[in-house]
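Report on the structure given below.
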Amino acid sequence: MVQILNGKLAADHLAEEFCETIQLLKKQKKIVPTLAVILVGDSAASQLYVRRKQEKAESLGVEVQLYKLPSNTTQMVLHKLIRKLNKAFDVHGILLQLPLPPHLSRVDALYQINPLKDVDGLTPENIGLFNLNTPRFIPCTPQGCLYLIHLWRKNISGLTALVVGRSPLVGTPMAKLLLNHDATVIQAHTHTKDLGALCKLADIVVVAVGKPKLIQGDWIKPGACVIDVGINSGGTDRPVGDVDFEAVSRVAGAISPVPGGVGPLTIMFLMSNIIRAAQLSSVPS
Ligand code: NAD
């Protein structure tokens, strides 16, 4: 029978551990881990994601400072705020909620963030450290996917992994993370030919595309582990993933559901990066 990789349960388990670490930081080092979140514009989806992160952070004892900027904010104003937060002693992590309104450059803004406060792991310094396999902050969603894969198999050395998607936030760091764990990695994207044939080769399939039910049941190698990162509107309140869950469940050895799979763990690994940033702030440079 297929193993359902329950991200909600795993996140609850991690929450207990993180809560204890945060209490220790407060008690022993007098540090209250604090996250500054910058939200530009009024996208309903972004507001929802920020609210979820804020609620989870506060429930664990992380303080959140929310900076809401109007959608006509200029690049200069955004950079000025980031530079102010870079210098603020009471801020350990800075999260710029993406996507930004189209007139703003995501790359230019991200590159303003102090790498020691870059809890999404998206500044050039942190991408470089990660690519050298000496990470400071690993992007949260790939960490969540790897955690789920490890619920299926502790050791993935030598397994063939297919990552579908190559975004800087998910697909590309995911492929690198699997490589760092000694998997043999194939990465697919919009120009890939015959995705189904590549899927059939893979012991692990991670899908981060944003197309409902892209991955079909008869593409999956029997017993494979399938991680669905996609969040798509399914026409109801309940989102749907990039994987045809029903069909793939009949063939796969393990599968993550949507919702309740990768999502809750993405938030938990953001918490883990905030804790790390707070710990780093007490190390003399
Ligand atoms: P993105 O749009 O930046 O990247 C999508 C990638 O998919 C691109 O690299 C593109 O080349 C690839 N792609 C598109 N069509 C393809 C096809 N037919 N075959 C192969 N590759 C194809 O998106 P993203 O930020 O990487 O997010 C992907 C999905 O994951 C979205 O649905 C997003 O909402 C979701 N997401 C979920 C979480 C979570 O915590 N669960 C976190 C981040 C993103």
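Note on naming: chains are A, B, ... as they come in the structure tokens, residues start from 1 per chain, ligands start from 1 in the order shown.
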
Skipping near chain neighbours, those fewer than 4 positions away, what residues fall within 12 Å of Pro168 in chain A using only C-alpha atoms, listed as a compact mmCIF listing (two decimals) with N, CA and C atoms, in the first residue's frame?
# COMPACT_ATOMS: atom_id res chain seq x y z
N LEU A 98 7.34 36.92 -2.01
CA LEU A 98 7.33 36.92 -3.48
C LEU A 98 6.00 36.34 -3.97
N ARG A 106 12.84 41.53 -8.44
CA ARG A 106 13.00 40.59 -7.33
C ARG A 106 14.49 40.39 -7.03
N VAL A 107 15.26 40.22 -8.09
CA VAL A 107 16.69 39.93 -7.93
C VAL A 107 17.38 41.10 -7.24
N LEU A 110 16.31 41.21 -3.56
CA LEU A 110 16.85 40.10 -2.74
C LEU A 110 18.33 40.32 -2.46
N ASP A 120 15.49 32.94 3.56
CA ASP A 120 15.02 32.17 2.40
C ASP A 120 16.19 31.58 1.62
N GLY A 121 17.40 32.00 1.95
CA GLY A 121 18.60 31.46 1.27
C GLY A 121 18.69 31.87 -0.19
N LEU A 122 18.32 33.10 -0.52
CA LEU A 122 18.25 33.50 -1.92
C LEU A 122 19.26 34.56 -2.34
N THR A 123 20.14 34.98 -1.41
CA THR A 123 21.17 35.96 -1.80
C THR A 123 22.33 35.21 -2.46
N PRO A 124 23.12 35.91 -3.30
CA PRO A 124 24.21 35.22 -4.01
C PRO A 124 25.17 34.50 -3.06
N ILE A 127 23.44 31.30 -1.88
CA ILE A 127 23.32 30.34 -2.99
C ILE A 127 24.70 29.72 -3.24
N ILE A 138 19.44 26.89 3.78
CA ILE A 138 18.94 26.14 2.61
C ILE A 138 17.50 26.58 2.37
N PRO A 139 17.12 26.87 1.11
CA PRO A 139 15.73 27.27 0.85
C PRO A 139 14.73 26.28 1.48
N CYS A 140 13.66 26.87 2.03
CA CYS A 140 12.76 26.12 2.93
C CYS A 140 11.99 24.99 2.22
N THR A 141 11.46 25.24 1.03
CA THR A 141 10.63 24.21 0.38
C THR A 141 11.45 22.95 0.04
N PRO A 142 12.64 23.12 -0.56
CA PRO A 142 13.44 21.90 -0.79
C PRO A 142 13.77 21.15 0.50
N THR A 172 15.53 24.40 -8.69
CA THR A 172 16.99 24.37 -8.79
C THR A 172 17.66 24.01 -7.46
N PRO A 173 17.28 24.64 -6.32
CA PRO A 173 17.89 24.18 -5.05
C PRO A 173 17.50 22.75 -4.69
N MET A 174 16.33 22.31 -5.13
CA MET A 174 15.92 20.91 -4.85
C MET A 174 16.86 19.94 -5.53
N ALA A 175 17.16 20.22 -6.81
CA ALA A 175 18.05 19.33 -7.56
C ALA A 175 19.42 19.28 -6.88
N LYS A 176 19.90 20.44 -6.44
CA LYS A 176 21.22 20.49 -5.79
C LYS A 176 21.21 19.73 -4.46
N ALA A 208 7.58 20.61 -9.10
CA ALA A 208 7.32 22.00 -8.69
C ALA A 208 7.10 22.82 -9.95

Could you list, as a tab-separated table (two decimals) with C-alpha atoms, in the first residue's frame, all protein and nucleic acid residues with an atom at most 6 Å from ligand 1, counting only C-alpha atoms and all ligand atoms?
chain	number	residue	atom	x	y	z
A	141	THR	CA	10.63	24.21	0.38
A	164	VAL	CA	10.40	18.81	-12.54
A	165	GLY	CA	10.86	22.59	-12.51
A	166	ARG	CA	13.94	24.82	-12.34
A	167	SER	CA	12.85	27.93	-10.44
A	169	LEU	CA	13.12	29.11	-5.22
A	170	VAL	CA	12.24	25.42	-5.55
A	171	GLY	CA	13.35	23.33	-8.55
A	188	ALA	CA	13.18	18.77	-16.28
A	189	HIS	CA	11.71	22.11	-17.37
A	190	THR	CA	9.51	23.66	-20.05
A	208	ALA	CA	7.32	22.00	-8.69
A	209	VAL	CA	5.59	23.36	-11.76
A	210	GLY	CA	2.17	24.86	-11.04
A	229	VAL	CA	5.07	20.84	-4.42
A	230	GLY	CA	2.41	22.37	-6.69
A	231	ILE	CA	-0.39	24.53	-5.34
A	232	ASN	CA	-3.10	25.17	-7.93
A	262	VAL	CA	5.07	20.00	1.48
A	263	GLY	CA	3.27	23.20	2.57
A	266	THR	CA	8.01	24.74	4.12

Identify, on the basis of only C-alpha atoms, every residue whose closest approach to Tyr147 in chain A does not exceed 10 Å; exclude the query and any residue fewer than 6 positions from it along the same chain; express the result as a CSV table (one decimal) with all heavy atoms, in the first residue's frame.
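Done, and the output landed in around.csv:
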chain,number,residue,atom,x,y,z
A,5,LEU,N,2.8,10.6,2.8
A,5,LEU,CA,3.8,11.4,3.5
A,5,LEU,C,3.1,12.6,4.1
A,5,LEU,O,2.9,13.6,3.4
A,5,LEU,CB,5.0,11.8,2.5
A,5,LEU,CG,5.7,10.5,1.9
A,5,LEU,CD1,6.6,11.0,0.8
A,5,LEU,CD2,6.4,9.7,3.0
A,7,GLY,N,2.8,15.7,5.8
A,7,GLY,CA,3.6,16.9,6.2
A,7,GLY,C,3.1,17.6,7.4
A,7,GLY,O,3.9,18.2,8.2
A,10,ALA,N,4.4,15.7,10.4
A,10,ALA,CA,5.8,15.9,10.6
A,10,ALA,C,6.1,17.3,11.1
A,10,ALA,O,7.0,17.5,11.9
A,10,ALA,CB,6.5,15.7,9.2
A,11,ALA,N,5.3,18.3,10.6
A,11,ALA,CA,5.5,19.7,11.0
A,11,ALA,C,5.2,19.8,12.5
A,11,ALA,O,5.9,20.5,13.3
A,11,ALA,CB,4.6,20.6,10.2
A,141,THR,N,11.5,25.2,1.0
A,141,THR,CA,10.6,24.2,0.4
A,141,THR,C,11.5,23.0,0.0
A,141,THR,O,11.0,21.8,0.3
A,141,THR,CB,9.9,24.8,-0.9
A,141,THR,OG1,9.1,25.9,-0.4
A,141,THR,CG2,9.0,23.8,-1.5
A,153,ARG,N,12.7,6.9,2.7
A,153,ARG,CA,14.0,6.2,2.7
A,153,ARG,C,15.0,7.1,3.4
A,153,ARG,O,15.2,8.3,3.0
A,153,ARG,CB,14.5,6.0,1.3
A,153,ARG,CG,13.8,5.0,0.5
A,153,ARG,CD,14.4,3.6,0.7
A,153,ARG,NE,13.9,2.7,-0.4
A,153,ARG,CZ,12.7,2.3,-0.5
A,153,ARG,NH1,11.8,2.6,0.4
A,153,ARG,NH2,12.4,1.5,-1.5
A,154,LYS,N,15.7,6.6,4.4
A,154,LYS,CA,16.8,7.4,5.1
A,154,LYS,C,17.9,7.7,4.2
A,154,LYS,O,18.5,8.7,4.2
A,154,LYS,CB,17.3,6.6,6.3
A,154,LYS,CG,16.3,6.7,7.5
A,154,LYS,CD,16.6,8.0,8.3
A,154,LYS,CE,15.5,8.3,9.3
A,154,LYS,NZ,14.3,8.9,8.7
A,262,VAL,N,3.9,19.1,1.4
A,262,VAL,CA,5.1,20.0,1.5
A,262,VAL,C,4.8,21.3,2.2
A,262,VAL,O,5.7,21.8,2.9
A,262,VAL,CB,5.6,20.3,0.0
A,262,VAL,CG1,6.7,21.2,0.0
A,262,VAL,CG2,5.9,19.0,-0.7
A,265,LEU,N,5.6,21.9,5.9
A,265,LEU,CA,7.0,21.7,6.2
A,265,LEU,C,7.8,22.9,5.7
A,265,LEU,O,8.8,23.3,6.3
A,265,LEU,CB,7.6,20.4,5.6
A,265,LEU,CG,7.2,19.2,6.4
A,265,LEU,CD1,7.5,17.9,5.7
A,265,LEU,CD2,7.9,19.2,7.8
A,269,PHE,N,10.5,24.8,8.0
A,269,PHE,CA,11.9,25.0,7.8
A,269,PHE,C,12.2,26.5,7.6
A,269,PHE,O,13.4,26.9,7.8
A,269,PHE,CB,12.4,24.2,6.5
A,269,PHE,CG,12.5,22.8,7.0
A,269,PHE,CD1,11.6,21.8,6.6
A,269,PHE,CD2,13.6,22.4,7.7
A,269,PHE,CE1,11.8,20.5,7.1
A,269,PHE,CE2,13.8,21.1,8.2
A,269,PHE,CZ,12.8,20.1,7.9

Computed interatomic separation between CA of Glu63 in chain A and CA of Ala36 in chain A (Å): 8.5 Å

Residue set, range 71-241 of chain A restricted to helix (DSSP H, G or I), as a PyMOL selection string: chain A and resi 75-87+106-110+115-117+124-131+140-152+171-180+195-201+217-219

Atom pair CA of Lys27 in chain A / CA of Arg136 in chain A: separation (Å): 24.3 Å

Contacts of Phe245 in chain A at 10 Å or less, counting only C-alpha atoms, minus same-chain residues fewer than 5 places along, as a JSON list (two decimals) with N, CA and C atoms, in the first residue's frame?
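part_20.json written:
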[["chain", "number", "residue", "atom", "x", "y", "z"],
["A", 213, "LYS", "N", -2.37, 18.30, -12.01],
["A", 213, "LYS", "CA", -2.38, 16.92, -12.50],
["A", 213, "LYS", "C", -1.46, 16.70, -13.71],
["A", 215, "ILE", "N", 1.47, 15.28, -13.67],
["A", 215, "ILE", "CA", 2.15, 13.98, -13.57],
["A", 215, "ILE", "C", 1.10, 12.86, -13.48],
["A", 216, "GLN", "N", 1.18, 11.94, -14.43],
["A", 216, "GLN", "CA", 0.14, 10.92, -14.56],
["A", 216, "GLN", "C", 0.57, 9.57, -13.99],
["A", 217, "GLY", "N", -0.42, 8.77, -13.65],
["A", 217, "GLY", "CA", -0.17, 7.48, -13.00],
["A", 217, "GLY", "C", 0.72, 6.56, -13.81],
["A", 226, "VAL", "N", 6.94, 10.07, -4.66],
["A", 226, "VAL", "CA", 6.49, 11.23, -5.45],
["A", 226, "VAL", "C", 6.15, 12.39, -4.51],
["A", 228, "ASP", "N", 4.86, 16.23, -4.26],
["A", 228, "ASP", "CA", 4.08, 17.21, -5.04],
["A", 228, "ASP", "C", 4.17, 18.58, -4.36],
["A", 240, "VAL", "N", -5.22, 22.04, -5.49],
["A", 240, "VAL", "CA", -4.79, 20.75, -6.04],
["A", 240, "VAL", "C", -3.32, 20.85, -6.44],
["A", 250, "ARG", "N", -1.84, 4.70, -6.93],
["A", 250, "ARG", "CA", -2.01, 3.26, -7.23],
["A", 250, "ARG", "C", -0.69, 2.60, -7.64],
["A", 252, "ALA", "N", 2.73, 4.38, -6.97],
["A", 252, "ALA", "CA", 3.88, 4.86, -6.19],
["A", 252, "ALA", "C", 4.04, 4.07, -4.89],
["A", 255, "ILE", "N", 3.78, 8.98, -1.44],
["A", 255, "ILE", "CA", 3.31, 10.20, -2.12],
["A", 255, "ILE", "C", 2.95, 11.26, -1.08],
["A", 256, "SER", "N", 3.25, 12.52, -1.41],
["A", 256, "SER", "CA", 2.84, 13.60, -0.50],
["A", 256, "SER", "C", 1.54, 14.21, -1.01],
["A", 257, "PRO", "N", 0.58, 14.42, -0.13],
["A", 257, "PRO", "CA", -0.71, 14.98, -0.59],
["A", 257, "PRO", "C", -0.66, 16.50, -0.71],
["A", 258, "VAL", "N", -1.64, 17.04, -1.40],
["A", 258, "VAL", "CA", -1.86, 18.50, -1.44],
["A", 258, "VAL", "C", -3.33, 18.72, -1.14]]

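Among the candidates A:Ile186, A:Ala224, A:Cys19, A:Val91, the residue lying nearest to Val251 in chain A is A:Ala224 (atoms considered: only C-alpha atoms).
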
Nearest to Glu16 in chain A, chosen from A:Asn114, A:Asn131, A:Ser272, A:Thr184, with only C-alpha atoms counted in the distances: A:Ser272

Distance criterion (only C-alpha atoms): nearest to Gln97 in chain A out of A:Leu151, A:Val37, A:Leu60, A:Ala109: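 Of the candidates, the smallest distance to Gln97 in chain A is held by A:Val37.
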
Straight-line distance linking CA of Leu25 in chain A with CA of Ala277 in chain A, stated in Å to one decimal: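 That distance, rounded to one decimal, is 11.6 Å.
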
Contacts of Lys221 in chain A within 12 Å, only C-alpha atoms, excl. fewer than 3 positions in-chain, as a PyMOL selection string: chain A and resi 160-162+196-205+215-218+224-226+248-254

Residues from last step as file, N, CA and C atoms, as a short mmCIF file (atom, residue, chain, number, x, y, z; two decimals), in the first residue's frame:
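In the end it all went to result.cif:
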data_model
loop_
_atom_site.label_atom_id
_atom_site.label_comp_id
_atom_site.auth_asym_id
_atom_site.auth_seq_id
_atom_site.Cartn_x
_atom_site.Cartn_y
_atom_site.Cartn_z
N THR A 160 17.86 7.30 -8.43
CA THR A 160 17.65 8.26 -9.52
C THR A 160 16.50 9.19 -9.13
N ALA A 161 16.77 10.49 -9.16
CA ALA A 161 15.75 11.48 -8.79
C ALA A 161 15.46 12.40 -9.97
N LEU A 162 14.19 12.64 -10.21
CA LEU A 162 13.79 13.60 -11.24
C LEU A 162 13.16 14.80 -10.54
N GLY A 196 7.23 12.04 -19.52
CA GLY A 196 6.75 10.73 -19.06
C GLY A 196 7.86 9.69 -19.05
N ALA A 197 8.69 9.68 -20.10
CA ALA A 197 9.78 8.69 -20.20
C ALA A 197 10.80 8.94 -19.08
N LEU A 198 11.08 10.21 -18.77
CA LEU A 198 12.04 10.52 -17.70
C LEU A 198 11.48 10.09 -16.34
N CYS A 199 10.18 10.33 -16.13
CA CYS A 199 9.52 9.94 -14.87
C CYS A 199 9.70 8.44 -14.63
N LYS A 200 9.56 7.68 -15.67
CA LYS A 200 9.63 6.21 -15.56
C LYS A 200 10.99 5.73 -15.05
N LEU A 201 12.03 6.57 -15.24
CA LEU A 201 13.38 6.20 -14.79
C LEU A 201 13.58 6.46 -13.30
N ALA A 202 12.71 7.29 -12.72
CA ALA A 202 13.04 7.89 -11.41
C ALA A 202 12.50 7.10 -10.21
N ASP A 203 13.39 6.93 -9.21
CA ASP A 203 12.97 6.37 -7.91
C ASP A 203 12.31 7.46 -7.07
N ILE A 204 12.72 8.71 -7.34
CA ILE A 204 12.15 9.86 -6.61
C ILE A 204 11.72 10.89 -7.65
N VAL A 205 10.50 11.39 -7.54
CA VAL A 205 10.03 12.45 -8.44
C VAL A 205 9.58 13.62 -7.58
N ILE A 215 1.47 15.28 -13.67
CA ILE A 215 2.15 13.98 -13.57
C ILE A 215 1.10 12.86 -13.48
N GLN A 216 1.18 11.94 -14.43
CA GLN A 216 0.14 10.92 -14.56
C GLN A 216 0.57 9.57 -13.99
N GLY A 217 -0.42 8.77 -13.65
CA GLY A 217 -0.17 7.48 -13.00
C GLY A 217 0.72 6.56 -13.81
N ASP A 218 0.48 6.49 -15.13
CA ASP A 218 1.26 5.50 -15.92
C ASP A 218 2.66 6.01 -16.27
N ALA A 224 7.99 4.10 -6.59
CA ALA A 224 8.72 5.37 -6.48
C ALA A 224 8.11 6.30 -5.43
N CYS A 225 8.94 7.27 -5.00
CA CYS A 225 8.48 8.28 -4.04
C CYS A 225 8.14 9.56 -4.82
N VAL A 226 6.94 10.07 -4.66
CA VAL A 226 6.49 11.23 -5.45
C VAL A 226 6.15 12.39 -4.51
N VAL A 248 -1.61 8.22 -9.37
CA VAL A 248 -0.22 7.99 -8.96
C VAL A 248 -0.16 7.15 -7.69
N SER A 249 -1.13 7.33 -6.79
CA SER A 249 -1.16 6.55 -5.53
C SER A 249 -1.25 5.05 -5.80
N ARG A 250 -1.84 4.70 -6.93
CA ARG A 250 -2.01 3.26 -7.23
C ARG A 250 -0.69 2.60 -7.64
N VAL A 251 0.31 3.42 -7.99
CA VAL A 251 1.57 2.87 -8.51
C VAL A 251 2.75 3.18 -7.57
N ALA A 252 2.73 4.38 -6.97
CA ALA A 252 3.88 4.86 -6.19
C ALA A 252 4.04 4.07 -4.89
N GLY A 253 5.26 4.15 -4.33
CA GLY A 253 5.50 3.57 -3.00
C GLY A 253 5.18 4.58 -1.92
N ALA A 254 5.35 5.86 -2.24
CA ALA A 254 5.06 6.93 -1.28
C ALA A 254 4.66 8.18 -2.05
#

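Distance check against Ile94 in chain A using only C-alpha atoms: of A:Pro212, A:Pro222, A:Pro33, A:Pro239, the minimum falls on A:Pro33.
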
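Counting only C-alpha atoms, the residue from A:Thr134, A:Gln3, A:Asn180, A:Gln187 that sits nearest to Ile156 in chain A is A:Asn180.
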
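Proximity of A:Ile275, A:Leu100, A:Leu9, A:Ala183 to Val62 in chain A, computed with only C-alpha atoms, is greatest for A:Ile275.
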
Selection: 12 Å around Gln47 in chain A, only C-alpha atoms, excl. self and same-chain fewer than 4 positions, as a PyMOL selection string: chain A and resi 37-43+51-54+66-69+97-99

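Near Ile274 in chain A, within 8 Å and counting only C-alpha atoms, sit Pro33, Thr34, Leu35, His92, Gly93 and Val119 of chain A, not including residues fewer than 5 positions from it in the same chain.
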
Range 25-124 of chain A: residues DSSP assigns to strand (DSSP E or B), reported as a ChimeraX atom specification: /A:34-40,63-69,93-96,118
